[in-house]
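Peer 1: To be precise about what I am sending: the file is called work.tsv and holds TSV, C-alpha atoms.
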chain	number	residue	atom	x	y	z
L	1	MET	CA	-1.44	-29.50	-15.58
L	2	PRO	CA	-1.87	-25.77	-16.33
L	3	ALA	CA	-1.83	-23.36	-13.45
L	4	GLU	CA	-4.84	-21.37	-12.30
L	5	ARG	CA	-4.11	-17.66	-12.12
L	6	LEU	CA	-5.61	-14.73	-10.22
L	7	SER	CA	-4.38	-11.13	-10.70
L	8	PHE	CA	-5.45	-8.12	-8.68
L	9	PRO	CA	-4.06	-4.79	-7.41
L	10	ALA	CA	-2.94	-4.57	-3.78
L	11	LEU	CA	-0.05	-3.15	-1.76
L	12	GLY	CA	0.23	-0.39	-4.36
L	13	SER	CA	1.26	-2.95	-7.00
L	14	PRO	CA	-0.06	-5.61	-9.37
L	15	CYS	CA	-0.26	-8.97	-7.63
L	16	HIS	CA	-0.52	-12.45	-9.15
L	17	LEU	CA	-1.36	-15.80	-7.58
L	18	PHE	CA	-0.82	-19.15	-9.31
L	19	VAL	CA	-1.98	-22.55	-8.11
L	20	ARG	CA	-1.26	-25.98	-9.58
L	21	HIS	CA	-2.53	-29.24	-8.10
L	22	GLY	CA	-4.53	-27.40	-5.50
L	23	PRO	CA	-7.94	-25.90	-4.87
L	24	ALA	CA	-8.35	-22.72	-6.93
L	25	GLY	CA	-10.72	-21.38	-4.27
L	26	ARG	CA	-7.68	-20.90	-2.07
L	27	MET	CA	-6.59	-18.06	-4.37
L	28	LEU	CA	-9.73	-16.07	-3.57
L	29	GLU	CA	-9.05	-16.55	0.12
L	30	GLY	CA	-5.46	-15.51	-0.54
L	31	ARG	CA	-6.55	-12.35	-2.31
L	32	ALA	CA	-8.82	-11.45	0.61
L	33	TRP	CA	-5.93	-12.02	3.00
L	34	VAL	CA	-3.55	-9.77	0.99
L	35	GLU	CA	-6.16	-7.02	0.85
L	36	ALA	CA	-6.73	-7.30	4.60
L	37	MET	CA	-2.98	-7.07	5.20
L	38	HIS	CA	-2.82	-4.04	2.93
L	39	ARG	CA	-5.48	-2.25	4.96
L	40	ARG	CA	-3.66	-3.12	8.18
L	41	LEU	CA	-0.13	-2.25	7.07
L	42	THR	CA	-0.48	0.79	4.82
L	43	ARG	CA	0.99	4.07	6.05
L	44	PHE	CA	-1.33	6.05	3.81
L	45	ASP	CA	-4.45	5.34	5.87
L	46	PRO	CA	-4.37	7.05	9.30
L	47	SER	CA	-6.70	4.39	10.70
L	48	SER	CA	-4.44	1.44	9.73
L	49	GLU	CA	-2.74	-0.53	12.48
L	50	LEU	CA	0.67	0.67	11.32
L	51	SER	CA	-0.40	4.32	11.25
L	52	ARG	CA	-1.77	4.08	14.77
L	53	LEU	CA	1.52	2.56	15.95
L	54	ASN	CA	3.47	5.38	14.29
L	55	ALA	CA	1.13	8.01	15.75
L	56	ASP	CA	1.55	6.75	19.33
L	57	ARG	CA	5.27	7.50	19.44
L	58	GLY	CA	7.07	6.56	22.62
L	59	ILE	CA	4.09	4.54	23.89
L	60	TRP	CA	3.86	0.77	24.10
L	61	VAL	CA	1.03	-0.25	21.75
L	62	GLU	CA	-0.72	-3.61	21.45
L	63	VAL	CA	-0.14	-5.08	17.99
L	64	SER	CA	-1.65	-8.00	16.12
L	65	ALA	CA	0.28	-11.23	15.71
L	66	GLU	CA	0.85	-10.43	12.01
L	67	LEU	CA	2.23	-6.95	12.62
L	68	GLU	CA	4.38	-8.20	15.48
L	69	ALA	CA	5.85	-10.90	13.26
L	70	LEU	CA	6.47	-8.40	10.47
L	71	LEU	CA	8.16	-5.98	12.86
L	72	HIS	CA	10.42	-8.81	14.02
L	73	ALA	CA	11.17	-9.39	10.33
L	74	CYS	CA	12.14	-5.72	10.03
L	75	LEU	CA	14.67	-6.12	12.82
L	76	ARG	CA	15.96	-9.28	11.16
L	77	ALA	CA	16.26	-7.44	7.83
L	78	TYR	CA	18.25	-4.69	9.53
L	79	GLU	CA	20.59	-7.32	10.95
L	80	LEU	CA	20.97	-9.28	7.68
L	81	SER	CA	21.68	-6.14	5.68
L	82	GLY	CA	24.18	-4.64	8.07
L	83	GLY	CA	21.79	-1.72	8.61
L	84	LEU	CA	21.07	-0.98	4.95
L	85	VAL	CA	17.45	-2.15	5.12
L	86	ASN	CA	16.05	0.09	7.81
L	87	ALA	CA	12.27	0.19	8.26
L	88	GLY	CA	12.60	3.35	10.36
L	89	VAL	CA	12.58	5.33	7.13
L	90	LEU	CA	9.21	7.08	7.39
L	91	GLU	CA	10.61	10.56	8.12
L	92	SER	CA	12.82	10.38	5.03
L	93	MET	CA	9.93	9.20	2.88
L	94	LEU	CA	7.91	12.21	3.97
L	95	ALA	CA	10.88	14.55	3.43
L	96	ILE	CA	11.37	13.44	-0.18
L	97	GLY	CA	7.69	14.00	-0.95
L	98	TYR	CA	6.42	10.41	-0.79
L	99	THR	CA	3.60	11.37	1.53
L	100	ARG	CA	0.73	9.66	-0.27
L	101	PRO	CA	0.24	6.99	-2.96
L	102	LEU	CA	2.14	8.07	-6.06
L	103	ALA	CA	-1.03	7.70	-8.11
L	104	ALA	CA	-2.11	10.89	-6.33
L	105	GLY	CA	1.26	12.52	-7.11
L	106	PRO	CA	4.18	13.36	-4.83
L	107	THR	CA	4.19	16.42	-2.61
L	108	ALA	CA	6.99	19.01	-2.44
L	109	ALA	CA	10.29	17.59	-1.21
L	110	VAL	CA	11.98	19.11	1.82
L	111	LEU	CA	15.35	17.46	1.45
L	112	GLU	CA	16.93	19.59	4.18
L	113	ALA	CA	14.70	17.68	6.62
L	114	ALA	CA	16.21	14.30	5.63
L	115	ARG	CA	18.82	12.91	8.00
L	116	PRO	CA	20.86	9.69	8.19
L	117	LEU	CA	18.63	7.12	9.85
L	118	PRO	CA	19.26	6.06	13.45
L	119	PRO	CA	19.79	2.33	14.06
L	120	LEU	CA	16.44	0.54	13.84
L	121	PRO	CA	16.72	-1.07	17.31
L	122	GLU	CA	16.78	2.49	18.72
L	123	VAL	CA	13.54	3.32	16.90
L	124	LEU	CA	11.61	0.05	17.22
L	125	GLU	CA	11.27	-2.04	20.38
L	126	LEU	CA	9.21	-5.21	20.68
L	127	ARG	CA	7.72	-7.20	23.55
L	128	PRO	CA	5.29	-10.09	23.20
L	129	GLY	CA	2.11	-8.60	21.74
L	130	ARG	CA	3.35	-5.01	21.97
L	131	ALA	CA	5.58	-2.56	20.11
L	132	ARG	CA	6.98	0.90	20.73
L	133	VAL	CA	8.20	3.35	18.09
L	134	SER	CA	10.46	6.19	19.19
L	135	GLY	CA	11.91	8.95	17.06
L	136	GLY	CA	11.26	8.25	13.39
L	137	GLY	CA	8.33	6.19	12.11
L	138	ILE	CA	8.09	2.79	10.47
L	139	ASP	CA	7.52	2.14	6.76
L	140	LEU	CA	7.15	-1.51	5.80
L	141	GLY	CA	7.65	-0.97	2.07
L	142	GLY	CA	11.11	-2.55	1.99
L	143	VAL	CA	10.15	-5.80	3.69
L	144	ALA	CA	6.43	-6.50	3.60
L	145	LYS	CA	5.77	-7.84	0.10
L	146	GLY	CA	8.39	-10.61	0.17
L	147	TRP	CA	7.44	-11.57	3.71
L	148	LEU	CA	3.73	-11.66	2.83
L	149	ALA	CA	4.43	-13.76	-0.28
L	150	ASP	CA	6.16	-16.36	1.90
L	151	ARG	CA	3.27	-16.42	4.40
L	152	LEU	CA	0.61	-16.60	1.69
L	153	CYS	CA	2.27	-19.57	0.01
L	154	GLU	CA	2.08	-21.39	3.35
L	155	ARG	CA	-1.61	-20.52	3.65
L	156	ILE	CA	-2.50	-21.59	0.12
L	157	GLY	CA	-0.51	-24.83	0.27
L	158	GLY	CA	0.06	-27.27	-2.58
L	159	GLU	CA	2.07	-26.06	-5.56
L	160	CYS	CA	1.58	-22.31	-5.70
L	161	LEU	CA	3.42	-19.14	-6.63
L	162	VAL	CA	2.67	-15.80	-5.01
L	163	ASN	CA	3.97	-12.66	-6.74
L	164	LEU	CA	3.22	-9.47	-4.82
L	165	GLY	CA	4.48	-6.53	-6.84
L	166	GLY	CA	7.46	-8.47	-8.19
L	167	ASP	CA	8.51	-9.95	-4.85
L	168	LEU	CA	7.59	-13.61	-4.92
L	169	PHE	CA	7.83	-17.09	-3.47
L	170	ALA	CA	7.48	-20.30	-5.47
L	171	ARG	CA	6.27	-23.40	-3.66
L	172	GLY	CA	6.94	-26.37	-5.90
L	173	ARG	CA	8.81	-25.87	-9.19
L	174	TRP	CA	7.94	-22.83	-11.32
L	175	PRO	CA	9.65	-21.11	-14.29
L	176	VAL	CA	10.21	-17.46	-13.39
L	177	GLY	CA	11.80	-14.61	-15.34
L	178	LEU	CA	15.04	-13.20	-13.94
L	179	GLY	CA	16.61	-10.54	-16.13
L	180	ARG	CA	16.47	-12.00	-19.64
L	181	LYS	CA	16.64	-15.63	-18.44
L	182	THR	CA	14.06	-18.07	-17.18
L	183	VAL	CA	15.07	-19.83	-13.97
L	184	LEU	CA	13.33	-22.76	-12.31
L	185	LEU	CA	12.50	-21.81	-8.76
L	186	GLU	CA	11.72	-24.67	-6.41
L	187	ASP	CA	10.77	-23.55	-2.91
L	188	MET	CA	12.67	-20.31	-3.47
L	189	GLY	CA	11.95	-16.61	-3.50
L	190	ALA	CA	12.87	-13.77	-5.83
L	191	ALA	CA	12.64	-10.01	-5.62
L	192	THR	CA	13.65	-6.87	-7.47
L	193	SER	CA	14.70	-3.52	-6.09
L	194	SER	CA	15.01	-0.54	-8.39
L	195	THR	CA	15.53	3.18	-8.54
L	196	ARG	CA	13.70	3.28	-11.89
L	197	ALA	CA	10.25	2.55	-10.45
L	198	ARG	CA	8.30	4.87	-8.13
L	199	ARG	CA	10.27	7.77	-9.49
L	200	TRP	CA	9.34	11.43	-9.82
L	201	GLY	CA	11.62	14.19	-11.06
L	202	ASP	CA	15.06	13.64	-9.52
L	203	GLN	CA	13.64	11.62	-6.65
L	204	HIS	CA	12.76	7.96	-6.18
L	205	HIS	CA	11.51	5.85	-3.29
L	206	LEU	CA	14.64	3.86	-2.47
L	207	VAL	CA	16.22	5.67	0.47
L	208	ASP	CA	19.80	5.05	1.53
L	209	PRO	CA	19.75	4.99	5.35
L	210	ARG	CA	23.30	6.33	5.45
L	211	THR	CA	22.10	9.66	4.06
L	212	GLY	CA	18.34	9.59	4.52
L	213	LEU	CA	18.05	10.53	0.84
L	214	PRO	CA	17.27	8.56	-2.33
L	215	SER	CA	20.13	6.26	-3.32
L	216	ARG	CA	22.60	7.69	-5.83
L	217	GLY	CA	24.56	4.46	-6.33
L	218	ASP	CA	25.82	2.89	-9.54
L	219	ILE	CA	23.18	0.11	-9.66
L	220	SER	CA	19.72	1.11	-10.80
L	221	GLU	CA	18.01	-2.27	-10.67
L	222	MET	CA	18.81	-5.46	-8.77
L	223	SER	CA	16.96	-8.80	-8.97
L	224	VAL	CA	17.82	-11.65	-6.61
L	225	VAL	CA	16.87	-15.29	-6.04
L	226	ALA	CA	17.16	-16.48	-2.44
L	227	ARG	CA	15.73	-19.09	-0.10
L	228	ASN	CA	12.49	-17.18	0.32
L	229	GLY	CA	10.81	-13.94	-0.68
L	230	PHE	CA	11.77	-12.09	2.47
L	231	GLU	CA	15.48	-12.83	2.12
L	232	ALA	CA	15.35	-12.04	-1.60
L	233	GLU	CA	13.76	-8.64	-0.97
L	234	VAL	CA	16.28	-7.77	1.73
L	235	ALA	CA	19.17	-8.96	-0.43
L	236	ALA	CA	18.02	-7.03	-3.50
L	237	LYS	CA	17.86	-3.75	-1.64
L	238	THR	CA	21.09	-4.35	0.26
L	239	ALA	CA	23.04	-5.23	-2.87
L	240	LEU	CA	21.65	-2.25	-4.77
L	241	LEU	CA	22.84	0.05	-2.00
L	242	LEU	CA	26.24	-1.66	-1.78
L	243	GLY	CA	26.97	-0.91	-5.43
L	244	ARG	CA	28.77	-2.74	-8.23
L	245	GLU	CA	32.08	-3.15	-6.46
L	246	ARG	CA	30.85	-4.68	-3.20
L	247	ALA	CA	27.54	-6.31	-4.15
L	248	PRO	CA	28.80	-9.46	-5.96
L	249	ALA	CA	30.80	-10.79	-3.01
L	250	TRP	CA	27.94	-10.06	-0.61
L	251	LEU	CA	25.43	-11.76	-2.92
L	252	ALA	CA	27.65	-14.80	-3.43
L	253	ALA	CA	27.61	-15.46	0.29
L	254	SER	CA	23.84	-15.53	0.68
L	255	CYS	CA	21.95	-15.72	-2.63
L	256	LEU	CA	21.30	-18.26	-5.39
L	257	ALA	CA	21.15	-16.01	-8.45
L	258	TRP	CA	21.16	-12.31	-9.25
L	259	SER	CA	20.90	-9.87	-12.09
L	260	PHE	CA	21.69	-6.19	-12.02
L	261	SER	CA	22.13	-3.22	-14.30
Z	1	MET	CA	49.07	21.67	-58.18
Z	2	PRO	CA	48.45	25.37	-57.42
Z	3	ALA	CA	48.23	26.50	-53.80
Z	4	TRP	CA	44.70	27.85	-54.21
Z	5	ALA	CA	43.51	24.39	-55.26
Z	6	LEU	CA	45.00	22.79	-52.14
Z	7	LYS	CA	43.35	25.47	-49.96
Z	8	ALA	CA	39.99	25.02	-51.67
Z	9	GLY	CA	40.23	21.24	-51.32
Z	10	ALA	CA	41.08	21.48	-47.63
Z	11	ALA	CA	38.20	23.90	-47.03
Z	12	ALA	CA	35.78	21.68	-48.92
Z	13	ALA	CA	36.89	18.59	-47.02
Z	14	THR	CA	36.44	20.41	-43.70
Z	15	ILE	CA	32.90	21.45	-44.63
Z	16	VAL	CA	31.95	17.97	-45.85
Z	17	PHE	CA	33.25	16.27	-42.69
Z	18	ALA	CA	31.51	18.85	-40.47
Z	19	VAL	CA	28.18	18.20	-42.24
Z	20	LEU	CA	28.64	14.42	-41.99
Z	21	ALA	CA	29.55	14.65	-38.28
Z	22	ALA	CA	26.52	16.83	-37.55
Z	23	HIS	CA	24.28	14.36	-39.38
Z	24	HIS	CA	25.71	11.43	-37.41
Z	25	VAL	CA	25.41	13.14	-34.02
Z	26	THR	CA	21.82	14.25	-34.51
Z	27	GLY	CA	20.92	10.74	-35.62
Z	28	HIS	CA	22.45	9.12	-32.51
Z	29	VAL	CA	21.08	11.12	-29.61
Z	30	LYS	CA	22.29	9.89	-26.20
Z	31	THR	CA	19.63	7.98	-24.25
Z	32	SER	CA	19.71	9.56	-20.82
Z	33	GLY	CA	18.10	6.49	-19.21
Z	34	ALA	CA	20.58	4.02	-20.65
Z	35	PRO	CA	22.68	2.12	-18.10
Z	36	LEU	CA	26.26	3.26	-17.87
Z	37	HIS	CA	27.48	-0.27	-17.23
Z	38	PRO	CA	26.69	-3.63	-18.80
Z	39	SER	CA	24.06	-5.83	-17.16
Z	40	VAL	CA	25.34	-8.63	-14.94
Z	41	LEU	CA	23.63	-12.02	-14.54
Z	42	GLN	CA	25.00	-14.65	-12.15
Z	43	ILE	CA	23.32	-18.00	-11.53
Z	44	THR	CA	24.81	-20.43	-9.01
Z	45	ALA	CA	24.67	-24.21	-9.17
Z	46	GLY	CA	21.64	-24.19	-6.87
Z	47	VAL	CA	19.38	-22.76	-9.59
Z	48	ARG	CA	18.60	-24.24	-13.00
Z	49	THR	CA	17.75	-22.26	-16.09
Z	50	ALA	CA	15.07	-23.41	-18.53
Z	51	ASP	CA	14.20	-22.69	-22.13
Z	52	VAL	CA	10.52	-22.22	-21.44
Z	53	GLN	CA	8.16	-19.29	-21.09
Z	54	PRO	CA	8.10	-18.05	-17.48
Z	55	VAL	CA	4.72	-17.94	-15.75
Z	56	THR	CA	5.72	-14.65	-14.14
Z	57	SER	CA	8.79	-12.54	-13.41
Z	58	THR	CA	10.31	-10.64	-10.59
Z	59	TYR	CA	10.02	-6.95	-11.34
Z	60	ALA	CA	10.25	-3.54	-9.76
Z	61	SER	CA	7.01	-1.97	-8.65
Do you think you could lay out the structure here as structure tokens?
Peer 2:
Amino acid sequence: MPAERLSFPALGSPCHLFVRHGPAGRMLEGRAWVEAMHRRLTRFDPSSELSRLNADRGIWVEVSAELEALLHACLRAYELSGGLVNAGVLESMLAIGYTRPLAAGPTAAVLEAARPLPPLPEVLELRPGRARVSGGGIDLGGVAKGWLADRLCERIGGECLVNLGGDLFARGRWPVGLGRKTVLLEDMGAATSSTRARRWGDQHHLVDPRTGLPSRGDISEMSVVARNGFEAEVAAKTALLLGRERAPAWLAASCLAWSFS
Amino acid sequence: MPAWALKAGAAAATIVFAVLAAHHVTGHVKTSGAPLHPSVLQITAGVRTADVQPVTSTYAS
């Protein structure tokens, strides 16, 4: 049976939903949910829930169940990556000129303002229903799309595939491109991290928390298959930052397939 | 063979090789975006490959 497909822009990226053996109307609900999450989680809108949390630094702020769960995922990503996926990266993003959507163009970089990132647990604290950000701010760009893809597949149900800007989860069996190969993903996630995309001049968006500056490693693009979209996204970024010498052993311990160049 | 002929031949050969080298270099400009290392693809036993068109791909955005 052919799959129904719905494509739309959200989260600053092209997004694609596929459903097989399920109600196609669920995709429209899924699109509405992704767009609602985008409005809630973007750092480019000062009225978003994330922006209000970042603005109230040092104060405990009530957060929605979705943002709370995603912030817990950020702490989990920090732990899984040994600190290399650090959502407390907002100050560095602003310093390198990524202050607004790149469609509007970057602003002038102030690289002297970039610093190695503090440990995320020192920046982000969570209590049931509340969160507190101290010091730097939170940017969800390194975690949100894979995590949202996992959640949306649960919401849609049946056999579906959710691809949010290249970070995806396949529920049921789906053929998916990985590098130059096609792999069959069955209840698995995949994600790509790259220094080639979201690039301007000598800068790009993938910040190395050890320096607070864009990564200068020897891998420019890393694609990973893992148990779900969240783990794939975390693994792709971690491995890219680890570099060619250390990444393969790290990937072999936690991932199902990978491709890098 | 006279010495002048050897000198002329050597000079001519130098010029010809210089022209050929310049032609080759200008026709093979370095691609600054090209990866410096070969691509690596590793698939474990937990994932199967297929000879079919993918419905979508993972990509950088």
Peer 1: With all atoms listed in the file as the basis for distance, which of L:Ala257, L:Ala149, L:Leu102, L:Ala239 is at the shortest distance from Thr44 (chain Z)?
Peer 2: L:Ala257
Peer 1: Write out as a list in words which residues come within 9 Å of Val89 (chain L) when counting only C-alpha atoms, dropping same-chain ones fewer than 5 positions away.
Peer 2: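 Counting only the stated atoms, we get Leu94, Leu117, Gly136, Gly137, Ile138, Asp139, Leu140, Val207, Pro209 and Gly212 of chain L.
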Peer 1: Using only the atoms of region 42-45 of chain L listed in the file, plus 8 Å on each side, state the axis-aligned box centre and edge lengths in Å rounded to one decimal, as lines of an AutoDock Vina configuration file.
Peer 2:
center_x = -1.7
center_y = 3.4
center_z = 4.9
size_x = 21.4
size_y = 21.3
size_z = 18.2
Peer 1: Could you write out as number ranges by chain the residues of chain L within 9 Å of chain Z, counting only C-alpha atoms?
Peer 2: L: 3, 12-14, 16, 18, 163, 165-168, 174-186, 190-198, 218-225, 248, 252, 255-261
Peer 1: Find the spatial neighbours of region 22-37 of chain L, counting all atoms listed in the file, within a cut-off of 10 Å - ignore same-chain residues fewer than 3 positions away - and output them as a PyMOL selection string.
Peer 2: chain L and resi 3-11+15-19+40-42+48-49+66-67+144-145+148-149+152-153+155-160+162+164
Peer 1: If you measure from CA of Ala55 (chain L) to CA of Leu71 (chain L), what distance in Å do you get, rounded to one decimal?
Peer 2: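 Interatomic distance here is 15.9 Å.
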Peer 1: So what do you get for CA of Ala73 (chain L) versus CA of Arg199 (chain L), distance-wise?
Peer 2: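 Value for the CA of Ala73 (chain L)-CA of Arg199 (chain L) distance: 26.2 Å.
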Peer 1: Do a neighbour search on Ala253 (chain L) at 12 Å with all atoms listed in the file, toss out local chain neighbours closer than 6 positions, and write the hits as a PyMOL selection string.
Peer 2: (chain L and resi 80+226+235+239+246-247) or (chain Z and resi 44)
Peer 1: Go ahead and write the residues just picked, C-alpha atoms, as a PDB file, keeping the file's coordinate frame.
Peer 2:
ATOM      1  CA  LEU L  80      20.970  -9.280   7.680  1.00  0.00           C
ATOM      2  CA  ALA L 226      17.160 -16.480  -2.440  1.00  0.00           C
ATOM      3  CA  ALA L 235      19.170  -8.960  -0.430  1.00  0.00           C
ATOM      4  CA  ALA L 239      23.040  -5.230  -2.870  1.00  0.00           C
ATOM      5  CA  ARG L 246      30.850  -4.680  -3.200  1.00  0.00           C
ATOM      6  CA  ALA L 247      27.540  -6.310  -4.150  1.00  0.00           C
TER       7      ALA L 247
ATOM      8  CA  THR Z  44      24.810 -20.430  -9.010  1.00  0.00           C
TER       9      THR Z  44
END
Peer 1: Would you list the contacts of Tyr98 (chain L) as a list in words, taking every protein, DNA or RNA residue within 9 Å and counting all atoms listed in the file, but skipping same-chain residues closer than 3 positions in sequence?
Peer 2: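 Neighbouring residues, sequence-local ones excluded: Ser92, Met93, Leu94, Ala95, Pro101, Leu102, Gly105, Pro106, Thr107, Ala108, Ala109, His204 and His205 of chain L.
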Peer 1: Please produce an output containing C-alpha atoms for each residue in the selection, written as a PDB file, in the coordinates of the input.
Peer 2:
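As a result, out_19.pdb now contains:
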ATOM      1  CA  SER L  92      12.820  10.380   5.030  1.00  0.00           C
ATOM      2  CA  MET L  93       9.930   9.200   2.880  1.00  0.00           C
ATOM      3  CA  LEU L  94       7.910  12.210   3.970  1.00  0.00           C
ATOM      4  CA  ALA L  95      10.880  14.550   3.430  1.00  0.00           C
ATOM      5  CA  PRO L 101       0.240   6.990  -2.960  1.00  0.00           C
ATOM      6  CA  LEU L 102       2.140   8.070  -6.060  1.00  0.00           C
ATOM      7  CA  GLY L 105       1.260  12.520  -7.110  1.00  0.00           C
ATOM      8  CA  PRO L 106       4.180  13.360  -4.830  1.00  0.00           C
ATOM      9  CA  THR L 107       4.190  16.420  -2.610  1.00  0.00           C
ATOM     10  CA  ALA L 108       6.990  19.010  -2.440  1.00  0.00           C
ATOM     11  CA  ALA L 109      10.290  17.590  -1.210  1.00  0.00           C
ATOM     12  CA  HIS L 204      12.760   7.960  -6.180  1.00  0.00           C
ATOM     13  CA  HIS L 205      11.510   5.850  -3.290  1.00  0.00           C
TER      14      HIS L 205
END
Peer 1: Separation of CA of Arg210 (chain L) and CA of Val234 (chain L), in Å?
Peer 2: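 About the pair CA of Arg210 (chain L) and CA of Val234 (chain L): they are 16.2 Å apart.
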Peer 1: Which residues are close to Ala69 (chain L), i.e. within 12 Å by all atoms listed in the file, leaving aside same-chain residues fewer than 6 positions away? Reply as a list in words.
Peer 2: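 Contacts, with the query itself left out: Val63, Leu75, Arg76, Leu126, Arg127, Pro128, Gly129, Arg130, Ala131, Val143, Ala144, Trp147, Leu148 and Arg151 of chain L.
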Peer 1: Select, from L:Ser134, L:Arg39, L:Thr211, L:Gly189, the residue with the minimum atom-to-atom distance to Arg115 (chain L), counting all atoms listed in the file.
Peer 2: L:Thr211
